[in-house]
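Single-structure report; data block below.
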Amino acid sequence: MSIIQAKDVKKWFGDFQALKGISMEVAEGEVLVICGPSGSGKSTFIRCINRLEQHQEGQIVVDGTELTNDLKNIETIRSEVGMVFQSFNLFPHITVLQNVTLAPIWVRKKSRSESEEKAMELLERMGIPEQANKYPGQLSGGQQQRVAIARALAMEPKIMLFDEPTSALDPEMIKEVLDAMKVLAEDGMTMIVVTHEMGFAKEVADRVMLFDDGQMVEENTPELFFDKPKHERTKLFLSQIL
Amino acid sequence: MKNTLKYLVFFRNVVFLKWAFQIVFLLGLLSIIWNYIQNAVVNLENTNIAMGWGWLGETPGVSIAEGLYTLPNSGLQMIQTGMINMFRITITGIFAATILGTFLGIARLSKNYIVEKSSTGLLEVVRNVPLLVQIYFFQALVLSFPRLEVFDVGDYFIHVSAKGLAFPWFNRGPNAFLMMVYLLAIFLISNRIYKWRVEILEREGRETRPFLWSITSLVTLFIVGWYGGFRAVGIIGFIAGYISTGLELVPAIFYQALISGVTILIGYRVTKKFIDSKKSEEAQGVFIDDDYFKIILNIVVVLLVVVLMFSSFGAGLAGFLVGDELTFKADWGLPQFFNGVENKLHWYPSIDVELEAAIDGMKKGEIINWLIEPGKKVTEGDVIATAYATGTKIDKQEIELKASHTGNVESLLIEKGKSIKVGTPFYELEVTDGAPFEYSTPKVQQIGTTKFKEYADGHGKSISVGYFAIWLGVVLYTAIFISEVVRAGIMAVSKGQSEAGMSLGLRRGALLRLIVLPQAIRVMLPPMGNQYLNLAKNTSLGIAVAYPEVVAVGQTLYNQEGQTLPVFLIWMMFYSSVSLTISSIINYYNRKMKIVER
């Protein structure tokens, strides 16, 4: 049973067509890695899944709810889909703990004590419980990104979207974030990860996709994707990145 | 060795030259100022006007359209009235402009086409038309309503005429000051309770319902207060009474000696600290010429202050502190101030009851017989005196004067047989009963026996044309600029912040309130402060629509007395202090916000 279904999704920015008909399905518990050169539409596509961008043609169904202009549908999908950004986007004016409890309190209407308990649990899982009462500005990039993951998880989403989560990090911090994501994958979370970390893709992904010029060029298991790529474009991409 | 002198001559001594230049510069500056003042004084003398401050104590003989003292008996009271009228616009205006400006700023960013375009339209109109023109426009708008004279005498709920607008209001009774201090106190208490509950929540991690606790305590304290509990505030008046009495016992010379003594002490401490720092291990007690100059300068400054304190200036300052008669013949000094606090904030506040028109058209009253005496209790409605009323159709009509409040009579201010104007205080009363605020609706009444009409005092609230025009003018004008500040502030918060909030499922309202605005405020505060300063200063345009704020009042005064220079000095001091106060409040919040940011 697929939890995300996309059919012929198209998207234009003015005259520029960013997505030229993407069709795919993601099964529950699956980890999907999307890679591709910059400008290939991979970020745009996952941003369409929780309506940070609006697709103009095609159909996106998330957990049985279709993304339309219906506000109710958008809200339902957003509260079931967590997202982690390249630039963390933590709220700098409140503490780490408040960052994590904000959505449960204001969107899920949970009590403060309950959400704080849950938040501490998540921060512990991310390995940073001692940072709870600091402000985001006082944390390193890797710690900030792990807080961002905890913040998204606090809403208990069914799906997690990662938009180049390690691209803004120092090499030594990349590992701590990828480790946190691995733990998540092992726990059976449905994940779509846009990344250039091929090591992560090989080790954790169930499926790997290559996007180029607004189209999905190749889709395969990690083994076949890296060892026996079908398309020339994939071979070229892999030769440049590895 | 060339060019070496046995002794360093002064014109080649760098330290001497440096100080000499500074002293020459200072003397030059002082002589220019002195020359200018002398010039002004001589010119004024030639026109037979002696510049001075005496007029502050003299009765100006003009009336003010609205405000604290409509018939001021000193220049000081007149200026005070103008200042308070200015604050009436500034304080309410700042709140209104902030709220309106924030809404407009958010509307300008709205994705809703109609909301965005209409607020942009308003912005373009208001921003591109001079404020003075707008104020005239609002004045003309009100003046285009029918004259008050065409309406019947009687009670109304809301009333608009060419004389302004009137609406229902809670007017202050004698106990209002007690209640206001009480309200302030319970707000602080409930805020304290909120913080205390949050503290427990953070420490023990259990739900402590801070909001529920604070709101419950606020409501409870309000109910207790409304049914008489507010009189507890009277303790402040009680203490103020003792302070007032105590201050009167202190002779003026005490303050002169005190300030001199403190100055000497500070001078001594500063100089000693400086000398000690030179004696440290690194400095090894070496003094250079500069250091001697600094020490000498300290001594000179201290001596100057001491001399000044025992001159006529010091005597005047001390006179203010002890509240003796020489300060402008007005109730103006520390003991008088505390005495005022005692009267207003006593358990039973004491008021000067003013003569009211007991029948239509009454202008003056002459007491025939007092029916009360000091120490006697009166109930509202009791007959307190018989009097002749003048100004009515029948001359010297005999009337009965009734008590306006319940309380104990303290003293009679007017002897029988003496004629006084309506509005003059004629007895002192200690008020023991009555609500702090009284609800009433507007009333249209005849002015005396003339054919003109007015909104009656104490019935609802009426707003004059001038007040309406200047208030709406500065509020709208400032709100437009604040909306730009708000818009810039919101746009300064990165798009990623909204995206993060949206991806968590926050709705637009919550997103704005919890994420965007708290961060935008940081960017907005400094330019917001500038807009508040503009609003405060723009109130001076009130003069154009005959609103008696401090500039209008000051101009009337110097036309009357010819004292241009002192009035200008007062204006400058007044606006500077208001501006500095506003900017220090803004700076305080700016610092506070930054700490939260870390």
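A note on labels: chains of the structure tokens are A, B, ... as shown, every chain counts residues from 1, and ligands are counted from 1 in their shown order.
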Find the residues near region 159-171 of chain A: any atom within 8 Å, counting only C-alpha atoms, skip ones fewer than 3 places away on the same chain, and give them as a list of chain:residue names.
A:Ser43, A:Ile46, A:Glu80, A:Val81, A:Gly82, A:Met83, A:Val84, A:Phe85, A:Gln86, A:Ser87, A:Phe88, A:Gly141, A:Gly142, A:Gln145, A:Ala152, A:Ile174, A:Lys175, A:Val177, A:Leu178, A:Met189, A:Thr190, A:Met191, A:Ile192, A:Val193, A:Val194, A:Thr195, A:His196
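With only C-alpha atoms taken into account, the protein and nucleic acid residues at most 9 Å from region 246-255 of chain B (excluding it and anything under 5 positions from it in its own chain) are Gly241, Ser260, Met309, Phe310, Gly314, Ala315, Leu317, Ala318, Gly319, Phe320, Leu321, Val322, Gly323, Asp324, Leu334 and Pro335 of chain B.
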Could you take the residues named above and write them with C-alpha atoms, as a PDB file, in the first residue's frame?
ATOM      1  CA  GLY B 241       0.894  62.900  54.591  1.00  0.00           C
ATOM      2  CA  SER B 260      27.094  70.747  48.797  1.00  0.00           C
ATOM      3  CA  MET B 309      24.399  76.106  46.143  1.00  0.00           C
ATOM      4  CA  PHE B 310      24.858  79.028  48.539  1.00  0.00           C
ATOM      5  CA  GLY B 314      20.817  77.346  45.455  1.00  0.00           C
ATOM      6  CA  ALA B 315      18.345  79.223  47.590  1.00  0.00           C
ATOM      7  CA  LEU B 317      16.339  75.272  44.371  1.00  0.00           C
ATOM      8  CA  ALA B 318      16.058  74.686  48.100  1.00  0.00           C
ATOM      9  CA  GLY B 319      12.966  76.868  48.090  1.00  0.00           C
ATOM     10  CA  PHE B 320      11.413  74.451  45.634  1.00  0.00           C
ATOM     11  CA  LEU B 321      12.370  71.471  47.755  1.00  0.00           C
ATOM     12  CA  VAL B 322      10.877  72.913  50.951  1.00  0.00           C
ATOM     13  CA  GLY B 323       7.975  74.388  48.990  1.00  0.00           C
ATOM     14  CA  ASP B 324       8.207  77.918  50.304  1.00  0.00           C
ATOM     15  CA  LEU B 334       7.947  68.714  47.384  1.00  0.00           C
ATOM     16  CA  PRO B 335       5.748  69.104  50.512  1.00  0.00           C
TER      17      PRO B 335
END
Skipping near chain neighbours, those fewer than 4 positions away, what residues fall within 10 Å of region 124-139 of chain B using only C-alpha atoms, listed as a ChimeraX atom specification?
/B:118-120,143-144,162,164,464-474,476-481,538,541-542,544-545
For the structure I just gave you, how does DSSP split region 63-209 of chain A - specifically, which residues are alpha helix (DSSP H)? Reply as a count of residues only.
71
Within 9 Å of chain B, which residues of chain A come that close, and what is the closest atom pair and distance in Å for each? Count only C-alpha atoms and give it as JSON lines.
{"residue": "A:Asn50", "atom": "CA", "partner": "B:Ser503", "partner_atom": "CA", "distance": 6.8}
{"residue": "A:Arg51", "atom": "CA", "partner": "B:Ser503", "partner_atom": "CA", "distance": 8.4}
{"residue": "A:Leu52", "atom": "CA", "partner": "B:Glu499", "partner_atom": "CA", "distance": 6.8}
{"residue": "A:Ile74", "atom": "CA", "partner": "B:Gly505", "partner_atom": "CA", "distance": 8.6}
{"residue": "A:Glu75", "atom": "CA", "partner": "B:Gly505", "partner_atom": "CA", "distance": 5.9}
{"residue": "A:Thr76", "atom": "CA", "partner": "B:Gly505", "partner_atom": "CA", "distance": 8.0}
{"residue": "A:Ile77", "atom": "CA", "partner": "B:Gly505", "partner_atom": "CA", "distance": 8.3}
{"residue": "A:Arg78", "atom": "CA", "partner": "B:Gly505", "partner_atom": "CA", "distance": 5.0}
{"residue": "A:Ser79", "atom": "CA", "partner": "B:Gly505", "partner_atom": "CA", "distance": 4.9}
{"residue": "A:Glu80", "atom": "CA", "partner": "B:Gly505", "partner_atom": "CA", "distance": 8.6}
{"residue": "A:Val81", "atom": "CA", "partner": "B:Ser503", "partner_atom": "CA", "distance": 7.5}
{"residue": "A:Gly82", "atom": "CA", "partner": "B:Ser503", "partner_atom": "CA", "distance": 6.5}
{"residue": "A:Met83", "atom": "CA", "partner": "B:Ser503", "partner_atom": "CA", "distance": 6.2}
{"residue": "A:Val84", "atom": "CA", "partner": "B:Ala500", "partner_atom": "CA", "distance": 8.1}
{"residue": "A:Phe85", "atom": "CA", "partner": "B:Ala500", "partner_atom": "CA", "distance": 7.9}
{"residue": "A:Ser87", "atom": "CA", "partner": "B:Gly496", "partner_atom": "CA", "distance": 7.9}
{"residue": "A:Phe88", "atom": "CA", "partner": "B:Gly496", "partner_atom": "CA", "distance": 8.5}
{"residue": "A:Asn89", "atom": "CA", "partner": "B:Gln497", "partner_atom": "CA", "distance": 5.6}
{"residue": "A:Leu90", "atom": "CA", "partner": "B:Gln497", "partner_atom": "CA", "distance": 7.3}
{"residue": "A:Phe91", "atom": "CA", "partner": "B:Gln497", "partner_atom": "CA", "distance": 6.8}
{"residue": "A:Pro92", "atom": "CA", "partner": "B:Glu597", "partner_atom": "CA", "distance": 6.8}
{"residue": "A:His93", "atom": "CA", "partner": "B:Glu597", "partner_atom": "CA", "distance": 5.2}
{"residue": "A:Ile94", "atom": "CA", "partner": "B:Glu597", "partner_atom": "CA", "distance": 7.7}
{"residue": "A:Leu102", "atom": "CA", "partner": "B:Leu514", "partner_atom": "CA", "distance": 8.7}
{"residue": "A:Ala103", "atom": "CA", "partner": "B:Leu504", "partner_atom": "CA", "distance": 6.2}
{"residue": "A:Pro104", "atom": "CA", "partner": "B:Leu504", "partner_atom": "CA", "distance": 9.0}
{"residue": "A:Trp106", "atom": "CA", "partner": "B:Leu506", "partner_atom": "CA", "distance": 7.4}
{"residue": "A:Val107", "atom": "CA", "partner": "B:Leu506", "partner_atom": "CA", "distance": 6.1}
{"residue": "A:Ser111", "atom": "CA", "partner": "B:Glu207", "partner_atom": "CA", "distance": 7.7}
{"residue": "A:Arg112", "atom": "CA", "partner": "B:Glu207", "partner_atom": "CA", "distance": 7.1}
{"residue": "A:Ser113", "atom": "CA", "partner": "B:Arg206", "partner_atom": "CA", "distance": 5.9}
{"residue": "A:Glu114", "atom": "CA", "partner": "B:Arg206", "partner_atom": "CA", "distance": 8.9}
{"residue": "A:Glu116", "atom": "CA", "partner": "B:Gly205", "partner_atom": "CA", "distance": 8.2}
{"residue": "A:Glu117", "atom": "CA", "partner": "B:Gly205", "partner_atom": "CA", "distance": 8.5}
{"residue": "A:Tyr135", "atom": "CA", "partner": "B:Arg598", "partner_atom": "CA", "distance": 7.2}
{"residue": "A:Gly137", "atom": "CA", "partner": "B:Arg598", "partner_atom": "CA", "distance": 7.3}
{"residue": "A:Gln138", "atom": "CA", "partner": "B:Arg598", "partner_atom": "CA", "distance": 8.1}
{"residue": "A:Arg151", "atom": "CA", "partner": "B:Leu504", "partner_atom": "CA", "distance": 8.4}
{"residue": "A:Ala152", "atom": "CA", "partner": "B:Leu504", "partner_atom": "CA", "distance": 6.8}
{"residue": "A:Met155", "atom": "CA", "partner": "B:Leu504", "partner_atom": "CA", "distance": 7.3}
Find the residues around region 55-67 of chain A up to 7 Å (only C-alpha atoms counted), leave out those fewer than 3 positions away in its own chain, and share them as a VMD selection string.
chain A and resid 3 to 11 48 73 to 74 77
Residue nearest Pro168 (chain B) - candidates B:Thr564, B:Ser462, B:Asn587, B:Ser483, atoms counted: only C-alpha atoms:
B:Ser462
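Here CA of Glu176 (chain A) is placed at a distance of 27.7 Å from CA of Glu219 (chain A).
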Residues of region 12-144 of chain A in strand (DSSP E) according to DSSP, as a PyMOL selection string?
chain A and resi 12-13+16-27+31-35+57-62+65-66+81-84
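The two atoms in question, CA of Leu371 (chain B) and CA of Lys393 (chain B), are spaced 26.1 Å apart.
Of the listed residues (A:Leu122, A:Ala132, A:Val33, A:Leu19), A:Val33 comes nearest to Asp206 (chain A); the distances count only C-alpha atoms.
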Neighbours of Ile223 (chain B) within 12 Å (only C-alpha atoms; same-chain residues fewer than 4 positions away dropped), as a compact mmCIF listing (two decimals) with C-alpha atoms, in the first residue's frame?
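Below you can see around30.txt, which holds the result:
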# COMPACT_ATOMS: atom_id res chain seq x y z
CA MET B 179 -9.22 52.95 42.11
CA TYR B 182 -5.58 49.85 42.91
CA LEU B 183 -6.10 48.60 39.34
CA ILE B 186 -3.72 44.23 40.97
CA THR B 216 -8.80 34.29 38.68
CA SER B 217 -6.75 36.39 41.07
CA LEU B 218 -7.29 39.46 38.89
CA VAL B 219 -11.06 39.01 38.83
CA TYR B 227 -16.85 46.81 46.75
CA GLY B 228 -14.57 49.04 48.78
CA GLY B 229 -11.28 47.15 48.82
CA PHE B 230 -9.67 49.87 46.75
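Nearest to Leu517 (chain B) of all the residues B:Ile33, B:Met491, B:Ile79, B:Ile463 is B:Met491, based on only C-alpha atoms.
Distances from B:Gly458, B:Gly365, B:Gly154, B:Gly489 to Phe170 (chain B) were compared using only C-alpha atoms, and the smallest one belongs to B:Gly458.
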